[in-house]
Structures are given as structure tokens and as C-alpha cells.
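Have a look at the structure below, then the notes.
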Amino acid sequence: MDYLPDHNSKYKDVEYWDDRYTTEESYDWLGTLSKFQHILEEHMKKEDSILILGCGNSSMSVDIYRAGFHSITNIDYSSVCINTMAARHSDCPGMTWLQMDVRQLSFQSESFDVVLEKATLDAIMVEEKSPWEVSAQTACFIHQALTQISHCLKPGGRFISITFAQPIFRKSLYARACYDWSVRKYTYGEGFQYFVYVMTKGESLCPEDASLERKLLEETLVPPNQVTITQSDDEEDFMFNIHL
């Protein structure tokens with residue numbers, strides 16, 4: 001079955017995902033765990049409490065579980081996904097599955113050592129016409145999500161974001177003093193590279209990232225929830241030709 005939507009905007013609709021998860025067995029955006037496991041293991045300990053955002057029907061959660069990380073909470077805003085995955089992996093004690101919106105995480109502050117997402121924030125940005133210019137609506141959505149993520153991270157906790165987005169685009173969203181974290185970048189993949197950003201709670205931005213934040217705020221004169229990186233406008237959605 002062809003699961004590609006007729007327009008990228010469908011990636012933001014829960015109805016699209018409910019329909020897809022009804023029949024699709026599994027799909028891993030940006031590759032399976034084996035492609036980037038070496039990076040994760042640098043920043044995760046077996047005893048860490050881990051929150052996975054937008055888990056979907058990916059094998060990543062159970063693969064991480066089988067690698068020895070047994071305290072895992074998975075969330076997705078599709079109830080079909082959560083019910084299916086909970087039933088499929090009921091033999092994994094310590095693994096929980098919850099329907100939840102990344103903008104409204106119903107966890108107490110400092111609940112997790114690690115928050116992990118793979119292509120979830122990419123999906124939020126599907127309607128952007130150009131990576132150089134993020135709309136106020138999408139920037140606000142991302143800011144709400146990042147604020148929630150920072151809130152539920154323990155001091156020293158790591159937010160790990162796996163994406164196809166290059167630093168020039170993604171650091172403008174992540175490298176913000178208001179989230180109280182530092183930003184480090186890693187890459188994986190042959191030919192087409194993917195990126196892993198590791199944000200550590202309680203660490204300051206490096207001088208380069210702090211300078212980037214000051215520059216963006218001076219140029220745009222707007223807060224983080226309305227970020228714009230003006231370069232050019234494209235008539236087509238910039239994600240349309242990206243094969244995730």
C-alpha cells in the first residue's frame with residue numbers, strides 16, 4: 001500500500017496517521033537504531049528514564065529496550081498507534097505507551113533523564129515553503145514543544161533530536177537560552193547525511209550558539225516562538241522532495 005499523502009500537510013493530521021497505523025506494520029523514518037545507536041549510547045545510560053516523542057510504529061523503542069534500556073515511556077497523538085504498539089509489545093515490562101500531544105506533556109517537572117525524538121519535529125514543519133523561513137504558527141508550535149521538553153528534563157538530562165535538518169536551520173530553533181540547555185551536533189549516514197542534536201539541560205550555550213541567538217533576535221526583533229531566517233521563498237513545500 002502507498003502511504004504517501006497527496007499533500008505534505010496531511011502529515012500534521014491525526015486522521016492521516018490513524019488511517020495509516022490501521023494497516024501499516026512498521027516504518028522507520030531516518031533509518032533504524034543500528035544507524036545511530038553509537039551516538040545514543042554516548043549520551044544514554046541503561047538506568048535512564050527515557051521519554052520517546054511521536055513514537056509511531058517505528059521499531060526504535062523496542063530496539064532500544066532490547067539494547068538494555070528498560071525504563072521507556074512512549075507517546076504519540078494517534079490513539080490507534082498507541083493501542084497497537086501497547087498490544088504488540090506487552091511483553092516488555094517497564095515500557096509504557098500514552099496518547100499525548102508534544103505541546104502538552106502531562107508529566108511533572110524533572111521527570112526524565114532523556115527525551116528522544118526522531119523526525120517528529122520534522123513532521124510538524126511539513127507545510128513550511130522554505131527551510132529559510134519558518135512561519136509564526138510553526139515556530140510557536142515548536143517553541144511550545146521545546147518548552148515542555150525542557151520542563152520535564154532532569155538537571156543534566158539530554159534532549160536528543162534526530163532529523164534531516166542541517167544546523168543552519170535547526171540550531172535557530174534549538175539554540176535558545178530560555179530552554180536552559182547546550183546544543184551539540186552529530187551526523188550519521190552515507191551519501192545523504194542525517195543529524196543528531198543533543199541538548200544537555202543546565203549547560204550554557206557555547207559562545208558560537210549564543211552569538212547566533214543574539215544575531216537572530218536582533219535581526220528579527222521577535223521572541224523564539226516567531227523565528228524567521230529570511231533567505232528566499234520557494235513555491236513548493238521544502239520537504240516535498242525529501243525522502244525520509
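Letters for chains follow the order of the C-alpha cells (A, B, ...), residue numbers begin at 1 for each chain, and ligand numbers begin at 1 in the order shown.
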Per-residue DSSP, range 27-226 of chain A, filtered to strand (DSSP E), as a ChimeraX atom specification: /A:49-53,71-76,95-99,112-118,153-163,181-188,194-201
Residues within 12 Å of Pro167 in chain A, only C-alpha atoms, excluding chain neighbours under 5 positions, as number ranges by chain: A: 131-132, 161-162, 172-175, 183-187, 193-197, 209, 212
Contacts of Ser58 in chain A at 8 Å (only C-alpha atoms; same-chain gap of 5+ positions) as number ranges by chain: A: 26-29
Distance of CA of Ile149 in chain A from CA of Ile64 in chain A, expressed in Å to one decimal place: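 Value for the CA of Ile64 in chain A-CA of Ile149 in chain A distance: 20.0 Å.
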Long-range neighbours of range 95-102 of chain A as a list in words, 8 Å cut-off, only C-alpha atoms, 2 positions minimum in chain: Leu53, Gly54, Tyr65, His70, Ser71, Ile72, Thr73, Asn74, Ile75, Asp76, Tyr77, Ser78, Ser79, Ile82, Asn83, Met85, Ala86, Cys92, Pro93, Gln104, Leu105, Ser106, Ala145 and Gln148 of chain A
Produce a file of the selected residues containing C-alpha atoms, as a PDB file, in the first residue's frame.
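Output file part.pdb is given in full below:
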ATOM      1  CA  LEU A  53       8.116  11.608  21.447  1.00  0.00           C
ATOM      2  CA  GLY A  54       5.987  10.691  18.439  1.00  0.00           C
ATOM      3  CA  TYR A  65      14.569  -1.701  25.039  1.00  0.00           C
ATOM      4  CA  HIS A  70      14.139  -0.690  30.137  1.00  0.00           C
ATOM      5  CA  SER A  71      12.572   2.498  31.536  1.00  0.00           C
ATOM      6  CA  ILE A  72      10.861   3.858  28.423  1.00  0.00           C
ATOM      7  CA  THR A  73       7.711   5.949  28.059  1.00  0.00           C
ATOM      8  CA  ASN A  74       6.370   6.319  24.518  1.00  0.00           C
ATOM      9  CA  ILE A  75       3.897   8.976  23.431  1.00  0.00           C
ATOM     10  CA  ASP A  76       2.067   9.638  20.186  1.00  0.00           C
ATOM     11  CA  TYR A  77      -1.031  11.669  19.415  1.00  0.00           C
ATOM     12  CA  SER A  78      -2.590   8.784  17.459  1.00  0.00           C
ATOM     13  CA  SER A  79      -4.656   6.546  19.703  1.00  0.00           C
ATOM     14  CA  ILE A  82      -0.622   3.737  20.955  1.00  0.00           C
ATOM     15  CA  ASN A  83      -3.165   0.933  21.284  1.00  0.00           C
ATOM     16  CA  MET A  85       2.027  -0.698  19.893  1.00  0.00           C
ATOM     17  CA  ALA A  86       0.993  -1.344  23.505  1.00  0.00           C
ATOM     18  CA  CYS A  92       8.226  -5.514  27.593  1.00  0.00           C
ATOM     19  CA  PRO A  93       7.887  -4.676  31.321  1.00  0.00           C
ATOM     20  CA  GLN A 104       1.056  19.418  26.405  1.00  0.00           C
ATOM     21  CA  LEU A 105       3.231  16.881  28.187  1.00  0.00           C
ATOM     22  CA  SER A 106       1.393  15.826  31.329  1.00  0.00           C
ATOM     23  CA  ALA A 145       7.074  21.640  22.404  1.00  0.00           C
ATOM     24  CA  GLN A 148       7.551  21.309  27.553  1.00  0.00           C
TER      25      GLN A 148
END
Two-atom distance - CA of Glu42 in chain A, CA of Val115 in chain A (Å):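 Those two atoms sit 14.4 Å apart.
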Shortest interatomic distance to Glu117 in chain A - which of A:Leu205, A:Leu51, A:Leu216, A:Leu40, counting only C-alpha atoms: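 Looking only at the distances to Glu117 in chain A, the closest residue turns out to be A:Leu51.
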Between CA of Gln37 in chain A and CA of Gln108 in chain A, distance in Å (one decimal):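 CA of Gln108 in chain A lies 28.1 Å from CA of Gln37 in chain A.
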Could you make a table, as JSON lines, of the residues of range 160-208 of chain A that have an atom within 8 Å of an atom of range 122-127 of chain A, each with its nearest atom pair and distance in Å to one decimal, counting only C-alpha atoms, in chain and number order?
{"residue": "A:Thr163", "atom": "CA", "partner": "A:Asp122", "partner_atom": "CA", "distance": 6.7}
{"residue": "A:Phe164", "atom": "CA", "partner": "A:Asp122", "partner_atom": "CA", "distance": 7.9}
{"residue": "A:Ala165", "atom": "CA", "partner": "A:Asp122", "partner_atom": "CA", "distance": 7.8}
Would you write out those residues with C-alpha atoms, as a PDB file, in the first residue's frame?
ATOM      1  CA  THR A 163      16.458  14.899  11.920  1.00  0.00           C
ATOM      2  CA  PHE A 164      17.430  15.596   8.335  1.00  0.00           C
ATOM      3  CA  ALA A 165      17.605  19.350   9.156  1.00  0.00           C
TER       4      ALA A 165
END
Among listed residues A:Glu203, A:Thr120, A:Tyr188, A:Arg103, nearest Leu33 in chain A (using only C-alpha atoms):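 Closest candidate: A:Tyr188.
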Of the listed residues A:Ile160, A:Val62, A:Met44, A:Cys152, that which approaches Ser111 in chain A most closely, counting only C-alpha atoms: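 Once distances to Ser111 in chain A are computed over only C-alpha atoms, the minimum belongs to A:Cys152.
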Filtered DSSP result for range 67-242 of chain A, state helix (DSSP H, G or I), as JSON, numbers by chain: {"A": [79, 80, 81, 82, 83, 84, 85, 86, 87, 88, 120, 121, 122, 123, 124, 136, 137, 138, 139, 140, 141, 142, 143, 144, 145, 146, 147, 148, 149, 150, 151, 152, 167, 168, 169, 170, 171, 172, 173, 174, 177, 178, 179, 207, 208, 209, 210, 211, 212, 213, 214, 215, 216, 217, 218, 219, 220, 224, 225, 226]}
What would the file look like if the residues just selected were written as a JSON list (two decimals), in the first residue's frame with C-alpha atoms?
[["chain", "number", "residue", "atom", "x", "y", "z"],
["A", 79, "SER", "CA", -4.66, 6.55, 19.70],
["A", 80, "VAL", "CA", -4.58, 3.85, 17.01],
["A", 81, "CYS", "CA", -0.78, 3.86, 17.16],
["A", 82, "ILE", "CA", -0.62, 3.74, 20.96],
["A", 83, "ASN", "CA", -3.17, 0.93, 21.28],
["A", 84, "THR", "CA", -1.50, -1.13, 18.56],
["A", 85, "MET", "CA", 2.03, -0.70, 19.89],
["A", 86, "ALA", "CA", 0.99, -1.34, 23.51],
["A", 87, "ALA", "CA", -0.59, -4.64, 22.48],
["A", 88, "ARG", "CA", 2.30, -5.61, 20.22],
["A", 120, "THR", "CA", 8.62, 14.10, 14.98],
["A", 121, "LEU", "CA", 9.54, 17.78, 14.85],
["A", 122, "ASP", "CA", 10.29, 17.42, 11.14],
["A", 123, "ALA", "CA", 6.67, 16.34, 10.62],
["A", 124, "ILE", "CA", 5.47, 19.47, 12.42],
["A", 136, "ALA", "CA", 4.96, 32.17, 13.11],
["A", 137, "GLN", "CA", 2.46, 29.33, 13.58],
["A", 138, "THR", "CA", 5.07, 26.59, 13.22],
["A", 139, "ALA", "CA", 7.67, 28.48, 15.28],
["A", 140, "CYS", "CA", 5.07, 28.82, 18.06],
["A", 141, "PHE", "CA", 4.29, 25.08, 17.88],
["A", 142, "ILE", "CA", 8.00, 24.19, 18.10],
["A", 143, "HIS", "CA", 8.54, 26.66, 20.95],
["A", 144, "GLN", "CA", 5.66, 25.14, 22.92],
["A", 145, "ALA", "CA", 7.07, 21.64, 22.40],
["A", 146, "LEU", "CA", 10.63, 22.62, 23.35],
["A", 147, "THR", "CA", 9.41, 24.44, 26.45],
["A", 148, "GLN", "CA", 7.55, 21.31, 27.55],
["A", 149, "ILE", "CA", 10.57, 19.13, 26.82],
["A", 150, "SER", "CA", 12.88, 21.36, 28.85],
["A", 151, "HIS", "CA", 10.38, 21.38, 31.72],
["A", 152, "CYS", "CA", 10.27, 17.59, 32.06],
["A", 167, "PRO", "CA", 22.42, 23.11, 11.69],
["A", 168, "ILE", "CA", 21.80, 26.39, 9.87],
["A", 169, "PHE", "CA", 18.08, 25.63, 10.06],
["A", 170, "ARG", "CA", 17.61, 23.64, 13.25],
["A", 171, "LYS", "CA", 20.01, 25.49, 15.56],
["A", 172, "SER", "CA", 17.99, 28.66, 15.07],
["A", 173, "LEU", "CA", 15.18, 26.83, 16.88],
["A", 174, "TYR", "CA", 17.13, 24.81, 19.44],
["A", 177, "ALA", "CA", 18.91, 30.40, 26.36],
["A", 178, "CYS", "CA", 15.27, 30.17, 27.52],
["A", 179, "TYR", "CA", 15.41, 26.37, 27.24],
["A", 207, "PRO", "CA", 29.76, 31.23, 22.54],
["A", 208, "GLU", "CA", 29.00, 30.48, 18.87],
["A", 209, "ASP", "CA", 25.40, 29.44, 19.58],
["A", 210, "ALA", "CA", 24.85, 32.33, 21.99],
["A", 211, "SER", "CA", 26.08, 34.70, 19.28],
["A", 212, "LEU", "CA", 23.70, 33.07, 16.79],
["A", 213, "GLU", "CA", 20.78, 33.62, 19.13],
["A", 214, "ARG", "CA", 21.67, 37.28, 19.67],
["A", 215, "LYS", "CA", 22.03, 37.81, 15.92],
["A", 216, "LEU", "CA", 18.68, 36.23, 15.12],
["A", 217, "LEU", "CA", 16.87, 38.19, 17.80],
["A", 218, "GLU", "CA", 18.47, 41.44, 16.66],
["A", 219, "GLU", "CA", 17.56, 40.78, 13.02],
["A", 220, "THR", "CA", 14.00, 39.64, 13.60],
["A", 224, "PRO", "CA", 11.73, 32.37, 19.91],
["A", 225, "ASN", "CA", 8.13, 31.45, 19.10],
["A", 226, "GLN", "CA", 8.24, 33.64, 15.97]]
